[in-house]
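S.K.: The structure is given below, and queries will be raised subsequently.
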Amino acid sequence: MQQPVTPSRRHVLATGLFGVGAALTASALLPSPANAAAAGASRAARVRARALTRRMTLEEKVGQLFVVEVYGQSADQPAAGNRTLYGVDTPAEVVAKYHAGGVIYFDARRGPDNVRDPRQTARLSNGLQRAALGTGARVPLLVSIDQEGGSVVYRLTDPATLLPGNMALAAGRSETDTRRSAEIIGRELAALGINQNYAPVADVNVNPANPVIGVRSFGSDPALCASLVAASVRGYHRGGVASAAKHFPGHGDTDTDSHTGLPQINHTREELDRIDLPPFRAAIARGVDTIMTAHIVVPALDPTGVPATMSHPIVTGLLREELGFDGLIVTDALDMSGAADQFPEDVAPVRALKAGCDQLVLAPKMDIAYHAVLDAVRRGEISEARLNASVERVLAHKIRRGLFTHPYVDEDRAVRTVGSDRHLAAAQAITDRTLTLVRNEGSLLPLSPAARSVLVTGWGAATVRTLADTVAARPGQTATALETGAVPSEARIAEATAAAAGHDLVVVAVNAVAAGGEKGAAQARLVQALLDTGKAVVAVAVRNPYDIRRFPAVPAYLATYSYGAPSLRAAVGALYGDLSPTGKLPVAIPALDSTGTLYPFGHGLTY
C-alpha cells in the first residue's frame, strides 16, 4: 500500500531522480579540496590493496570474502558452537582456518554470546585481530554488528547507550539529532573494536503490514528517508565506524519477512526510482562505505525471479554501474530463508559473487561455501579477475578505515566510553524529541498532578513493569503492573478489566507486530474492553505507530516507536506534562479497511 500524497511527497514526485539524493550527489562531486583529498586517498588505498592482493594465495583471497559468526567471549575460549559449525574450537581458530575477512558479533539470543560487557568485547576484538594478523596474509578483520538503534535490531545492551530507532528519529525531523545518534553509536562501537556497523536501514516503509522493516525505517517519505540516511552515514563516520545502507534495492513495500520467506516487490521502475532508490542515492553521495543487498525479488529490475542478492542486473547493473557505487557490496545473511531456501549451500555464495557482491555474510555450512567458491575460481566459473576485484575492495575498505595501522583498541577506554554519562544524557534528550501524540480527545493529557492510582497493562513484561515503576516514582501516584501478553486470552482480558475497576486511569502498552500472524486483534479486544469499563484509557504504541487502526476510539494515543527505557521514560514524562510531545508521524496511518487515512503523514499534537 502506498501512502496518500503529502506536500513533501509531492516534492518527491515532482523531482524524481533529481531530489535529495541527486542534490547530495551534485554536492559531493564539487571539486572541493576535501573531495579531492578523499578521492586521492581512495585511489591510494586501491593501489595498495591491489599490491596486497597480488601477494595472497587463492585460499587467502577467498577467505576475505566471508563474514563469519564465532561463539564465545574470548578469542581463545573453546565453544561448542564453533566445533559444530566449523570443526574447530575457538574463535581464533575459526578466523585462521578460513582466512576470514570479517566476523559479525551477536548477543546470547542467537547463540554466539559475544558482547557481554565493554571490557570483554574489546578484548575479544583485540584477540581476533591478533589471530587474523598472525596467520596467512596478515590482514586485519572487519568486525561487524547490527546496532541500528531502537528496540528491534540491536546486539549491545546495558551499559551501552540506547539511542532511538530510525522511525523515532524521523518523527523528530532533526538531521542534527539523527547524526548525533549515529555518532554516539559509532563511538561506542569503535571503542569496542567494532569497525563496521550494518546500519542505517535505507528502506522506505510504505507498507503498514511490513513485518520486518517497520520502525527500522525512517518512514514512508523518500525525501525524509534520504536526508536522514545521509545524516546517519555522516554520524557513523564521525563516530569512527564504517556505515552500511540496507537493504538494496529497497525492502519497504512487502508483507513477507525475508528471514522466513522470499518477498516480492512489485514496484515499477518509475516507482523504484521515485520511492525506493533516493535513500541509497543519498547514502552513496554521502560516502557510505558499504551497501547490503536484500533477499527480495524485484521483477521490474530482473524478471527472472532471482533474489536481488543473486541478481547481476540489480547488483552490478543497477548498483555498481548505474548508481556508480564503488564501495563494498555485502549480502544480507545467507542463512535467511530468502536466500537459503532458494539455493543450495554450494550455489548461493557463488551466485552472489557472480551477481557482483563482494562479501558473503553468514553463509550456512561454511566448509561447503568456502570450497564452493574455491572450486568455482579453479574451474573458471568465477574468473580470477572477478575474485581480485572483490578482494581489492575489501582490502581497500580496511585500508581506508585505518585497520592496518590501528587494529587494536584500548580496553580501559572502552569501559569509559560505552554508556558514558554524556552519551546517556544526549540519548534521553534526543528520545524526548521523538515522542508523537497522535490522539488526545477531551485534552485528557497532560494529567493533572492530583493523586491517582494507575493500572499499567498490555504487552511486554519489562515494558509494563518499567512504565508502572516510572509512574509510581512520581509524587502522589501509585501503579499496578499487569502484563497481558502479545495475544491476550479472554481470561487475561477479563482480569485486566476487573483490575481497571479499582484504578483511576489505565495505561495500556500495545505492540501488534509482536502478535505475529494474529496481527494484534486480541490486543485490540483488550483495549476495547478497557474502554468499556468507562475508565480513562491511554494507549502507548511501543513499536509501530499503526496500532490505533484497530481501536480508533481510544481517547489518548502516544507513539514511542520503541520499548526501550528512554522511550518509556519519555512517555511517562509526556503523560504528566513534563515534556510536550513534538514528534510528527513519519508515516500515514490508514484506516484498517484501507478505505482512507486516519492520520496523515506529518500529523502530531502537542500541549
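Letters for chains follow the order of the C-alpha cells (A, B, ...), residue numbers begin at 1 for each chain, and ligand numbers begin at 1 in the order shown.
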Please tabulate, as JSON lines, the residues of stretch 177-249 of chain A that come within 12 Å of stretch 269-293 of chain A, each with its closest pair of atoms and the distance in Å to one decimal, counting only C-alpha atoms and ordering rows by chain, then residue number upward.
M.R.:
```
{"residue": "A:Asn195", "atom": "CA", "partner": "A:Asp289", "partner_atom": "CA", "distance": 11.3}
{"residue": "A:Gln196", "atom": "CA", "partner": "A:Thr290", "partner_atom": "CA", "distance": 8.9}
{"residue": "A:Asn197", "atom": "CA", "partner": "A:Thr290", "partner_atom": "CA", "distance": 9.4}
{"residue": "A:Tyr198", "atom": "CA", "partner": "A:Met292", "partner_atom": "CA", "distance": 7.8}
{"residue": "A:Ala199", "atom": "CA", "partner": "A:Met292", "partner_atom": "CA", "distance": 9.2}
{"residue": "A:Pro200", "atom": "CA", "partner": "A:Ala283", "partner_atom": "CA", "distance": 9.3}
{"residue": "A:Val201", "atom": "CA", "partner": "A:Pro279", "partner_atom": "CA", "distance": 9.3}
{"residue": "A:Ala202", "atom": "CA", "partner": "A:Pro279", "partner_atom": "CA", "distance": 5.6}
{"residue": "A:Asp203", "atom": "CA", "partner": "A:Asp276", "partner_atom": "CA", "distance": 6.7}
{"residue": "A:Val204", "atom": "CA", "partner": "A:Asp276", "partner_atom": "CA", "distance": 6.0}
{"residue": "A:Asn205", "atom": "CA", "partner": "A:Asp276", "partner_atom": "CA", "distance": 9.1}
{"residue": "A:Val206", "atom": "CA", "partner": "A:Ile275", "partner_atom": "CA", "distance": 8.7}
{"residue": "A:Asn207", "atom": "CA", "partner": "A:Ile275", "partner_atom": "CA", "distance": 11.9}
{"residue": "A:Ser217", "atom": "CA", "partner": "A:Pro279", "partner_atom": "CA", "distance": 10.7}
{"residue": "A:Phe218", "atom": "CA", "partner": "A:Pro279", "partner_atom": "CA", "distance": 9.8}
{"residue": "A:Gly219", "atom": "CA", "partner": "A:Ile275", "partner_atom": "CA", "distance": 11.2}
{"residue": "A:Ser220", "atom": "CA", "partner": "A:Ile275", "partner_atom": "CA", "distance": 8.5}
{"residue": "A:Asp221", "atom": "CA", "partner": "A:Ile275", "partner_atom": "CA", "distance": 7.7}
{"residue": "A:Pro222", "atom": "CA", "partner": "A:Ile275", "partner_atom": "CA", "distance": 5.4}
{"residue": "A:Ala223", "atom": "CA", "partner": "A:Pro278", "partner_atom": "CA", "distance": 7.1}
{"residue": "A:Leu224", "atom": "CA", "partner": "A:Pro279", "partner_atom": "CA", "distance": 8.6}
{"residue": "A:Cys225", "atom": "CA", "partner": "A:Pro279", "partner_atom": "CA", "distance": 5.9}
{"residue": "A:Ala226", "atom": "CA", "partner": "A:Pro279", "partner_atom": "CA", "distance": 3.8}
{"residue": "A:Ser227", "atom": "CA", "partner": "A:Ala282", "partner_atom": "CA", "distance": 7.1}
{"residue": "A:Leu228", "atom": "CA", "partner": "A:Pro279", "partner_atom": "CA", "distance": 8.4}
{"residue": "A:Val229", "atom": "CA", "partner": "A:Ala283", "partner_atom": "CA", "distance": 6.2}
{"residue": "A:Ala230", "atom": "CA", "partner": "A:Ala283", "partner_atom": "CA", "distance": 5.1}
{"residue": "A:Ala231", "atom": "CA", "partner": "A:Arg286", "partner_atom": "CA", "distance": 8.3}
{"residue": "A:Ser232", "atom": "CA", "partner": "A:Ala283", "partner_atom": "CA", "distance": 8.8}
{"residue": "A:Val233", "atom": "CA", "partner": "A:Val288", "partner_atom": "CA", "distance": 6.0}
{"residue": "A:Arg234", "atom": "CA", "partner": "A:Arg286", "partner_atom": "CA", "distance": 7.0}
{"residue": "A:Gly235", "atom": "CA", "partner": "A:Arg286", "partner_atom": "CA", "distance": 10.7}
{"residue": "A:Tyr236", "atom": "CA", "partner": "A:Val288", "partner_atom": "CA", "distance": 9.5}
{"residue": "A:His237", "atom": "CA", "partner": "A:Val288", "partner_atom": "CA", "distance": 8.8}
{"residue": "A:Val241", "atom": "CA", "partner": "A:Asp289", "partner_atom": "CA", "distance": 9.5}
{"residue": "A:Ala242", "atom": "CA", "partner": "A:Asp289", "partner_atom": "CA", "distance": 5.9}
{"residue": "A:Ser243", "atom": "CA", "partner": "A:Asp289", "partner_atom": "CA", "distance": 5.6}
{"residue": "A:Ala244", "atom": "CA", "partner": "A:Thr290", "partner_atom": "CA", "distance": 4.4}
{"residue": "A:Ala245", "atom": "CA", "partner": "A:Ile291", "partner_atom": "CA", "distance": 4.8}
{"residue": "A:Lys246", "atom": "CA", "partner": "A:Met292", "partner_atom": "CA", "distance": 4.8}
{"residue": "A:His247", "atom": "CA", "partner": "A:Thr293", "partner_atom": "CA", "distance": 5.1}
{"residue": "A:Phe248", "atom": "CA", "partner": "A:Thr293", "partner_atom": "CA", "distance": 4.5}
{"residue": "A:Pro249", "atom": "CA", "partner": "A:Leu277", "partner_atom": "CA", "distance": 6.6}
```
S.K.: What's the 10 Å shell around A:Ala521, counting only C-alpha atoms, without same-chain residues fewer than 2 positions away, as a ChimeraX atom specification?
M.R.: /A:486-488,512,515,517-519,523-527,547,550-551
S.K.: Quick one: residues within 6 Å of A:Pro307, only C-alpha atoms, excluding same-chain residues fewer than 4 positions away - as a list in words?
M.R.: His295, Ile296 and Val297 of chain A
S.K.: Restricting the output to C-alpha atoms, write the selected residues as a PDB file, in the first residue's frame.
M.R.:
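Contents of the output file result_2.pdb:
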```
ATOM      1  CA  HIS A 295      16.826 -11.243  -0.483  1.00  0.00           C
ATOM      2  CA  ILE A 296      13.838  -9.917  -2.410  1.00  0.00           C
ATOM      3  CA  VAL A 297      12.508 -10.445  -5.912  1.00  0.00           C
TER       4      VAL A 297
END
```
S.K.: Which residues are near A:Val508? Cut-off 9 Å, only C-alpha atoms, ignore same chain within fewer than 3 positions. Put them as a PDB file with N, CA and C atoms, in the first residue's frame.
M.R.:
```pdb
ATOM      1  N   LEU A 455      -3.485   1.736  36.542  1.00  0.00           N
ATOM      2  CA  LEU A 455      -3.253   0.368  36.094  1.00  0.00           C
ATOM      3  C   LEU A 455      -2.422   0.439  34.811  1.00  0.00           C
ATOM      4  N   VAL A 456      -1.269  -0.203  34.806  1.00  0.00           N
ATOM      5  CA  VAL A 456      -0.448  -0.310  33.596  1.00  0.00           C
ATOM      6  C   VAL A 456      -0.531  -1.755  33.128  1.00  0.00           C
ATOM      7  N   THR A 457      -1.033  -1.939  31.933  1.00  0.00           N
ATOM      8  CA  THR A 457      -1.279  -3.280  31.423  1.00  0.00           C
ATOM      9  C   THR A 457      -0.870  -3.349  29.959  1.00  0.00           C
ATOM     10  N   GLY A 458      -1.064  -4.522  29.348  1.00  0.00           N
ATOM     11  CA  GLY A 458      -0.774  -4.673  27.929  1.00  0.00           C
ATOM     12  C   GLY A 458       0.437  -5.532  27.654  1.00  0.00           C
ATOM     13  N   TRP A 459       1.103  -5.228  26.528  1.00  0.00           N
ATOM     14  CA  TRP A 459       2.172  -6.080  26.005  1.00  0.00           C
ATOM     15  C   TRP A 459       3.493  -5.844  26.719  1.00  0.00           C
ATOM     16  N   VAL A 464       5.733  -3.178  30.630  1.00  0.00           N
ATOM     17  CA  VAL A 464       4.689  -2.835  31.600  1.00  0.00           C
ATOM     18  C   VAL A 464       5.313  -2.489  32.955  1.00  0.00           C
ATOM     19  N   LEU A 526      -8.525  -6.224  23.973  1.00  0.00           N
ATOM     20  CA  LEU A 526      -8.166  -5.772  25.317  1.00  0.00           C
ATOM     21  C   LEU A 526      -8.422  -4.276  25.462  1.00  0.00           C
ATOM     22  N   VAL A 527      -7.971  -3.492  24.499  1.00  0.00           N
ATOM     23  CA  VAL A 527      -8.166  -2.043  24.575  1.00  0.00           C
ATOM     24  C   VAL A 527      -9.654  -1.707  24.605  1.00  0.00           C
ATOM     25  N   LEU A 530     -11.174  -2.448  27.948  1.00  0.00           N
ATOM     26  CA  LEU A 530     -10.789  -1.431  28.928  1.00  0.00           C
ATOM     27  C   LEU A 530     -11.598  -0.156  28.714  1.00  0.00           C
ATOM     28  N   VAL A 537      -8.516   5.861  29.418  1.00  0.00           N
ATOM     29  CA  VAL A 537      -7.529   4.933  28.878  1.00  0.00           C
ATOM     30  C   VAL A 537      -6.548   5.697  27.992  1.00  0.00           C
ATOM     31  N   VAL A 538      -5.265   5.460  28.210  1.00  0.00           N
ATOM     32  CA  VAL A 538      -4.205   5.976  27.348  1.00  0.00           C
ATOM     33  C   VAL A 538      -3.482   4.778  26.742  1.00  0.00           C
ATOM     34  N   ALA A 539      -3.440   4.710  25.425  1.00  0.00           N
ATOM     35  CA  ALA A 539      -2.697   3.647  24.752  1.00  0.00           C
ATOM     36  C   ALA A 539      -1.327   4.180  24.359  1.00  0.00           C
ATOM     37  N   VAL A 540      -0.317   3.367  24.595  1.00  0.00           N
ATOM     38  CA  VAL A 540       1.053   3.728  24.230  1.00  0.00           C
ATOM     39  C   VAL A 540       1.559   2.683  23.240  1.00  0.00           C
ATOM     40  N   ALA A 541       1.751   3.088  21.984  1.00  0.00           N
ATOM     41  CA  ALA A 541       2.256   2.180  20.952  1.00  0.00           C
ATOM     42  C   ALA A 541       3.770   2.120  21.080  1.00  0.00           C
TER      43      ALA A 541
END
```
S.K.: Just asking: which residues within stretch 317-399 of chain A are strand (DSSP E) according to DSSP, as a PyMOL selection string?
M.R.: chain A and resi 328-330+360-361
S.K.: Return the single residue from A:Gly214, A:Gly327, A:Gly172, A:Pro407 that is closest to A:Gly193, with distances computed using only C-alpha atoms.
M.R.: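 Of all the options, A:Pro407 lies closest to A:Gly193.
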S.K.: Record the distance separating atom CA of A:Tyr105 and atom CA of A:Gln147, expressed in Å with one decimal.
M.R.: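 Result for atom CA of A:Tyr105 versus atom CA of A:Gln147: 10.0 Å, one decimal.
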S.K.: Of the candidates A:Leu124, A:Val377, A:Val153, A:Ile430, which one gets nearest to A:Leu58 if we count only C-alpha atoms?
M.R.: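 Residue with the minimum atom-to-atom distance to A:Leu58: A:Val377.
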S.K.: Calculated over only C-alpha atoms, which of the candidates A:Val95, A:Ile329, A:Ala168, A:Ala352 has the smallest distance to A:Arg433?
M.R.: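 Distance minimum relative to A:Arg433 lands on A:Ala168.
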S.K.: Could you name the residues that touch stretch 363-375 of chain A at 6 Å or less, counting only C-alpha atoms, but leaving out those on the same chain fewer than 2 positions away, as a list in words?
M.R.: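 The contact residues come out as Leu334, Asp335, Glu345, Asp346, Val350, Val361, Val377 and Arg378 of chain A.
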S.K.: Take the residues just selected and output them with N, CA and C atoms as a PDB file, in the first residue's frame.
M.R.:
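Output saved as selection.pdb:
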```pdb
ATOM      1  N   LEU A 334      23.170 -15.009   4.488  1.00  0.00           N
ATOM      2  CA  LEU A 334      22.828 -16.066   3.538  1.00  0.00           C
ATOM      3  C   LEU A 334      22.135 -17.251   4.197  1.00  0.00           C
ATOM      4  N   ASP A 335      22.040 -17.241   5.536  1.00  0.00           N
ATOM      5  CA  ASP A 335      21.284 -18.306   6.193  1.00  0.00           C
ATOM      6  C   ASP A 335      19.802 -17.969   6.340  1.00  0.00           C
ATOM      7  N   GLU A 345      23.687 -24.776  -0.397  1.00  0.00           N
ATOM      8  CA  GLU A 345      24.804 -24.122   0.278  1.00  0.00           C
ATOM      9  C   GLU A 345      26.007 -23.908  -0.623  1.00  0.00           C
ATOM     10  N   ASP A 346      26.185 -24.749  -1.642  1.00  0.00           N
ATOM     11  CA  ASP A 346      27.332 -24.594  -2.529  1.00  0.00           C
ATOM     12  C   ASP A 346      27.027 -23.708  -3.730  1.00  0.00           C
ATOM     13  N   VAL A 350      28.337 -18.655  -4.628  1.00  0.00           N
ATOM     14  CA  VAL A 350      28.858 -18.485  -5.986  1.00  0.00           C
ATOM     15  C   VAL A 350      27.945 -17.554  -6.787  1.00  0.00           C
ATOM     16  N   VAL A 361      27.890 -12.848   3.884  1.00  0.00           N
ATOM     17  CA  VAL A 361      27.642 -12.797   5.316  1.00  0.00           C
ATOM     18  C   VAL A 361      26.892 -14.055   5.761  1.00  0.00           C
ATOM     19  N   VAL A 377      36.386 -20.742  -8.768  1.00  0.00           N
ATOM     20  CA  VAL A 377      37.513 -19.988  -9.327  1.00  0.00           C
ATOM     21  C   VAL A 377      38.451 -20.936 -10.067  1.00  0.00           C
ATOM     22  N   ARG A 378      38.730 -22.074  -9.479  1.00  0.00           N
ATOM     23  CA  ARG A 378      39.666 -23.020 -10.099  1.00  0.00           C
ATOM     24  C   ARG A 378      39.167 -23.532 -11.444  1.00  0.00           C
TER      25      ARG A 378
END
```
S.K.: List the neighbours of A:Asp177 out to 12 Å using only C-alpha atoms; skip same-chain residues closer than 2 positions along the sequence, and give me the result as a ChimeraX atom specification.
M.R.: /A:163-166,168-175,179-184,228,231-232,234-235,426-434
S.K.: Considering only C-alpha atoms, state which residue in the set A:Val70, A:Val506, A:Ile493, A:Leu162 is at the smallest distance from A:Val88.
M.R.: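 Among the listed residues, A:Val70 lies closest to A:Val88.
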S.K.: Please compute the atom CA of A:Ala574-atom CA of A:Ala461 distance, one decimal, in Å.
M.R.: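 About the pair atom CA of A:Ala574 and atom CA of A:Ala461: they are 21.4 Å apart.
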S.K.: At what distance in Å, to one decimal, does atom CA of A:Thr260 lie from atom CA of A:Gly338?
M.R.: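 Atom CA of A:Thr260 lies 6.7 Å from atom CA of A:Gly338.
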